[in-house]
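Colleague: Pasting a structure below so you can have a look.
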Amino acid sequence: EEGDAENLESVIEGVEGEEALAPLEINMEAGNFFFAPASITAMPGQEIRITFTKNSGVHTFAIDSLGLDQSISEGGVITFTAPDTPGSVPFYCSIGSHRALGMEGVLIVQ
C-alpha cells in the first residue's frame with residue numbers, strides 16, 4: 001500500500017523533527033550520606049526535574065559542569081537541563097566532606 005508507506009514516513013519525520021523532549025521527572029531521597037537513586041539517565045538537552053521526597057540533614061545538589069549548586073529541602077524541586085553531549089557527569093553534595101563520605105551519584109547522558 002503506497003499510501004501507508006507515505007503516512008509512516010511522515011510520522012517518522014514528525015518524530016525525528018520533535019524539538020522538545022518531555023521533561024524527566026525524578027523522585028529522589030537525600031540523607032547522611034547518599035542520594036537515592038544514585039544515577040539518572042537522560043537524553044542530551046533534556047530538562048530534568050528532581051523532587052526531593054525525603055531529606056535528612058543539610059545537603060546540596062551540585063553538578064560542576066552545569067554551574068549547579070543548590071540547597072535541598074524536603075518537597076523541594078531542582079530543575080536543570082542535561083548537557084548536550086553524551087557522557088557521564090557526577091552530581092554530589094558540596095557541603096564539607098559529604099561527597100567524600102559517599103554522597104554522590106552520576107548523571108548519564110545517552
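Simple scheme: letters A, B, ... for chains in C-alpha cells order, numbers from 1 for residues in each chain, numbers from 1 for ligands in the order shown.
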Residues near region 29-45 of chain A, anyone? I mean within 7 Å using only C-alpha atoms, not counting same-chain ones fewer than 6 positions away, as a PDB file with N, CA, C and O atoms, in the first residue's frame.
Modeller:
```
ATOM      1  N   PHE A  52      12.688  16.251  45.756  1.00  0.00           N
ATOM      2  CA  PHE A  52      13.264  15.565  46.919  1.00  0.00           C
ATOM      3  C   PHE A  52      12.140  15.150  47.858  1.00  0.00           C
ATOM      4  O   PHE A  52      11.561  15.971  48.561  1.00  0.00           O
ATOM      5  N   THR A  53      11.804  13.847  47.800  1.00  0.00           N
ATOM      6  CA  THR A  53      10.690  13.334  48.593  1.00  0.00           C
ATOM      7  C   THR A  53      11.070  13.179  50.055  1.00  0.00           C
ATOM      8  O   THR A  53      10.213  13.229  50.929  1.00  0.00           O
ATOM      9  N   LYS A  54      12.369  12.982  50.326  1.00  0.00           N
ATOM     10  CA  LYS A  54      12.869  12.909  51.710  1.00  0.00           C
ATOM     11  C   LYS A  54      14.231  13.568  51.753  1.00  0.00           C
ATOM     12  O   LYS A  54      15.017  13.470  50.816  1.00  0.00           O
ATOM     13  N   ASN A  55      14.520  14.252  52.853  1.00  0.00           N
ATOM     14  CA  ASN A  55      15.835  14.839  53.056  1.00  0.00           C
ATOM     15  C   ASN A  55      16.145  14.811  54.543  1.00  0.00           C
ATOM     16  O   ASN A  55      15.401  15.369  55.336  1.00  0.00           O
ATOM     17  N   SER A  56      17.246  14.137  54.897  1.00  0.00           N
ATOM     18  CA  SER A  56      17.697  14.115  56.288  1.00  0.00           C
ATOM     19  C   SER A  56      19.009  14.871  56.359  1.00  0.00           C
ATOM     20  O   SER A  56      19.936  14.556  55.632  1.00  0.00           O
ATOM     21  N   GLY A  57      19.074  15.876  57.213  1.00  0.00           N
ATOM     22  CA  GLY A  57      20.294  16.662  57.346  1.00  0.00           C
ATOM     23  C   GLY A  57      20.267  17.866  56.422  1.00  0.00           C
ATOM     24  O   GLY A  57      19.238  18.212  55.849  1.00  0.00           O
ATOM     25  N   THR A  81      18.926  21.450  32.903  1.00  0.00           N
ATOM     26  CA  THR A  81      18.947  20.823  31.583  1.00  0.00           C
ATOM     27  C   THR A  81      20.188  19.956  31.458  1.00  0.00           C
ATOM     28  O   THR A  81      21.293  20.411  31.789  1.00  0.00           O
ATOM     29  N   ALA A  82      20.000  18.736  30.997  1.00  0.00           N
ATOM     30  CA  ALA A  82      21.131  17.817  30.795  1.00  0.00           C
ATOM     31  C   ALA A  82      22.075  18.407  29.743  1.00  0.00           C
ATOM     32  O   ALA A  82      21.638  19.112  28.844  1.00  0.00           O
ATOM     33  N   PRO A  83      23.378  18.102  29.858  1.00  0.00           N
ATOM     34  CA  PRO A  83      24.329  18.572  28.839  1.00  0.00           C
ATOM     35  C   PRO A  83      23.936  18.060  27.449  1.00  0.00           C
ATOM     36  O   PRO A  83      23.244  17.060  27.330  1.00  0.00           O
ATOM     37  N   ASP A  84      24.393  18.764  26.410  1.00  0.00           N
ATOM     38  CA  ASP A  84      24.077  18.381  25.034  1.00  0.00           C
ATOM     39  C   ASP A  84      24.940  17.220  24.540  1.00  0.00           C
ATOM     40  O   ASP A  84      24.611  16.590  23.542  1.00  0.00           O
ATOM     41  N   THR A  85      26.052  16.970  25.218  1.00  0.00           N
ATOM     42  CA  THR A  85      26.938  15.891  24.772  1.00  0.00           C
ATOM     43  C   THR A  85      26.765  14.648  25.633  1.00  0.00           C
ATOM     44  O   THR A  85      26.717  14.751  26.864  1.00  0.00           O
ATOM     45  N   PRO A  86      26.683  13.476  24.994  1.00  0.00           N
ATOM     46  CA  PRO A  86      26.584  12.226  25.749  1.00  0.00           C
ATOM     47  C   PRO A  86      27.808  12.014  26.639  1.00  0.00           C
ATOM     48  O   PRO A  86      28.900  12.471  26.314  1.00  0.00           O
ATOM     49  N   HIS A  98      30.838  15.657  52.810  1.00  0.00           N
ATOM     50  CA  HIS A  98      29.727  14.775  52.437  1.00  0.00           C
ATOM     51  C   HIS A  98      30.037  13.950  51.184  1.00  0.00           C
ATOM     52  O   HIS A  98      29.748  12.760  51.137  1.00  0.00           O
ATOM     53  N   LEU A 101      32.258  11.152  51.879  1.00  0.00           N
ATOM     54  CA  LEU A 101      31.562  10.134  52.663  1.00  0.00           C
ATOM     55  C   LEU A 101      30.563   9.334  51.808  1.00  0.00           C
ATOM     56  O   LEU A 101      29.820   8.520  52.331  1.00  0.00           O
ATOM     57  N   GLY A 102      30.535   9.604  50.495  1.00  0.00           N
ATOM     58  CA  GLY A 102      29.720   8.795  49.604  1.00  0.00           C
ATOM     59  C   GLY A 102      28.485   9.471  49.054  1.00  0.00           C
ATOM     60  O   GLY A 102      27.679   8.835  48.375  1.00  0.00           O
ATOM     61  N   MET A 103      28.320  10.767  49.331  1.00  0.00           N
ATOM     62  CA  MET A 103      27.112  11.446  48.873  1.00  0.00           C
ATOM     63  C   MET A 103      27.327  11.998  47.468  1.00  0.00           C
ATOM     64  O   MET A 103      27.520  13.191  47.273  1.00  0.00           O
ATOM     65  N   GLU A 104      27.332  11.065  46.522  1.00  0.00           N
ATOM     66  CA  GLU A 104      27.471  11.454  45.128  1.00  0.00           C
ATOM     67  C   GLU A 104      26.770  10.443  44.250  1.00  0.00           C
ATOM     68  O   GLU A 104      26.408   9.358  44.687  1.00  0.00           O
ATOM     69  N   GLY A 105      26.575  10.835  42.998  1.00  0.00           N
ATOM     70  CA  GLY A 105      25.937   9.964  42.025  1.00  0.00           C
ATOM     71  C   GLY A 105      26.383  10.375  40.641  1.00  0.00           C
ATOM     72  O   GLY A 105      27.298  11.193  40.490  1.00  0.00           O
ATOM     73  N   VAL A 106      25.721   9.814  39.632  1.00  0.00           N
ATOM     74  CA  VAL A 106      26.123  10.111  38.268  1.00  0.00           C
ATOM     75  C   VAL A 106      24.900  10.385  37.388  1.00  0.00           C
ATOM     76  O   VAL A 106      23.876   9.707  37.497  1.00  0.00           O
ATOM     77  N   LEU A 107      25.028  11.421  36.559  1.00  0.00           N
ATOM     78  CA  LEU A 107      24.046  11.739  35.528  1.00  0.00           C
ATOM     79  C   LEU A 107      24.612  11.180  34.229  1.00  0.00           C
ATOM     80  O   LEU A 107      25.701  11.556  33.812  1.00  0.00           O
ATOM     81  N   ILE A 108      23.881  10.237  33.627  1.00  0.00           N
ATOM     82  CA  ILE A 108      24.308   9.604  32.382  1.00  0.00           C
ATOM     83  C   ILE A 108      23.507  10.205  31.248  1.00  0.00           C
ATOM     84  O   ILE A 108      22.279  10.140  31.247  1.00  0.00           O
ATOM     85  N   VAL A 109      24.199  10.812  30.288  1.00  0.00           N
ATOM     86  CA  VAL A 109      23.541  11.404  29.122  1.00  0.00           C
ATOM     87  C   VAL A 109      23.833  10.473  27.950  1.00  0.00           C
ATOM     88  O   VAL A 109      24.991  10.199  27.651  1.00  0.00           O
ATOM     89  N   GLN A 110      22.759   9.958  27.323  1.00  0.00           N
ATOM     90  CA  GLN A 110      22.987   8.994  26.238  1.00  0.00           C
ATOM     91  C   GLN A 110      22.306   9.378  24.947  1.00  0.00           C
ATOM     92  O   GLN A 110      21.444  10.194  24.908  1.00  0.00           O
TER      93      GLN A 110
END
```
Colleague: Of the candidates A:Thr51, A:Thr60, A:Gln46, A:Ser94, which one gets nearest to Gly75 (chain A) if we count only C-alpha atoms?
Modeller: A:Thr51
Colleague: So the first atom is CA of His59 (chain A) and the second is CA of Ala100 (chain A); what is the distance between them in Å, to one decimal place?
Modeller: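 Value for the CA of His59 (chain A)-CA of Ala100 (chain A) distance: 13.4 Å.
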Colleague: In terms of the shortest atom-to-atom distance over only C-alpha atoms, which of A:Ile72, A:Ile26, A:Ala62, A:Leu21 is closest to Arg49 (chain A)?
Modeller: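 Smallest separation from Arg49 (chain A) among the options: A:Ile26.
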Colleague: With only C-alpha atoms as the basis for distance, which of A:Tyr92, A:Ala20, A:Gly87, A:Asn27 is at the shortest distance from Glu74 (chain A)?
Modeller: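 Of A:Tyr92, A:Ala20, A:Gly87, A:Asn27, the one nearest Glu74 (chain A) is A:Asn27, counting only C-alpha atoms.
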Colleague: Using CA of Ser73 (chain A) and CA of Ile50 (chain A) as the two end points, give the distance in Å to one decimal.
Modeller: 11.3 Å
Colleague: Of the candidates A:Glu47, A:Arg99, A:Gly67, A:Cys93, which shows the shortest atom-to-atom distance to Phe80 (chain A), using only C-alpha atoms?
Modeller: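 Of all the options, A:Glu47 lies closest to Phe80 (chain A).
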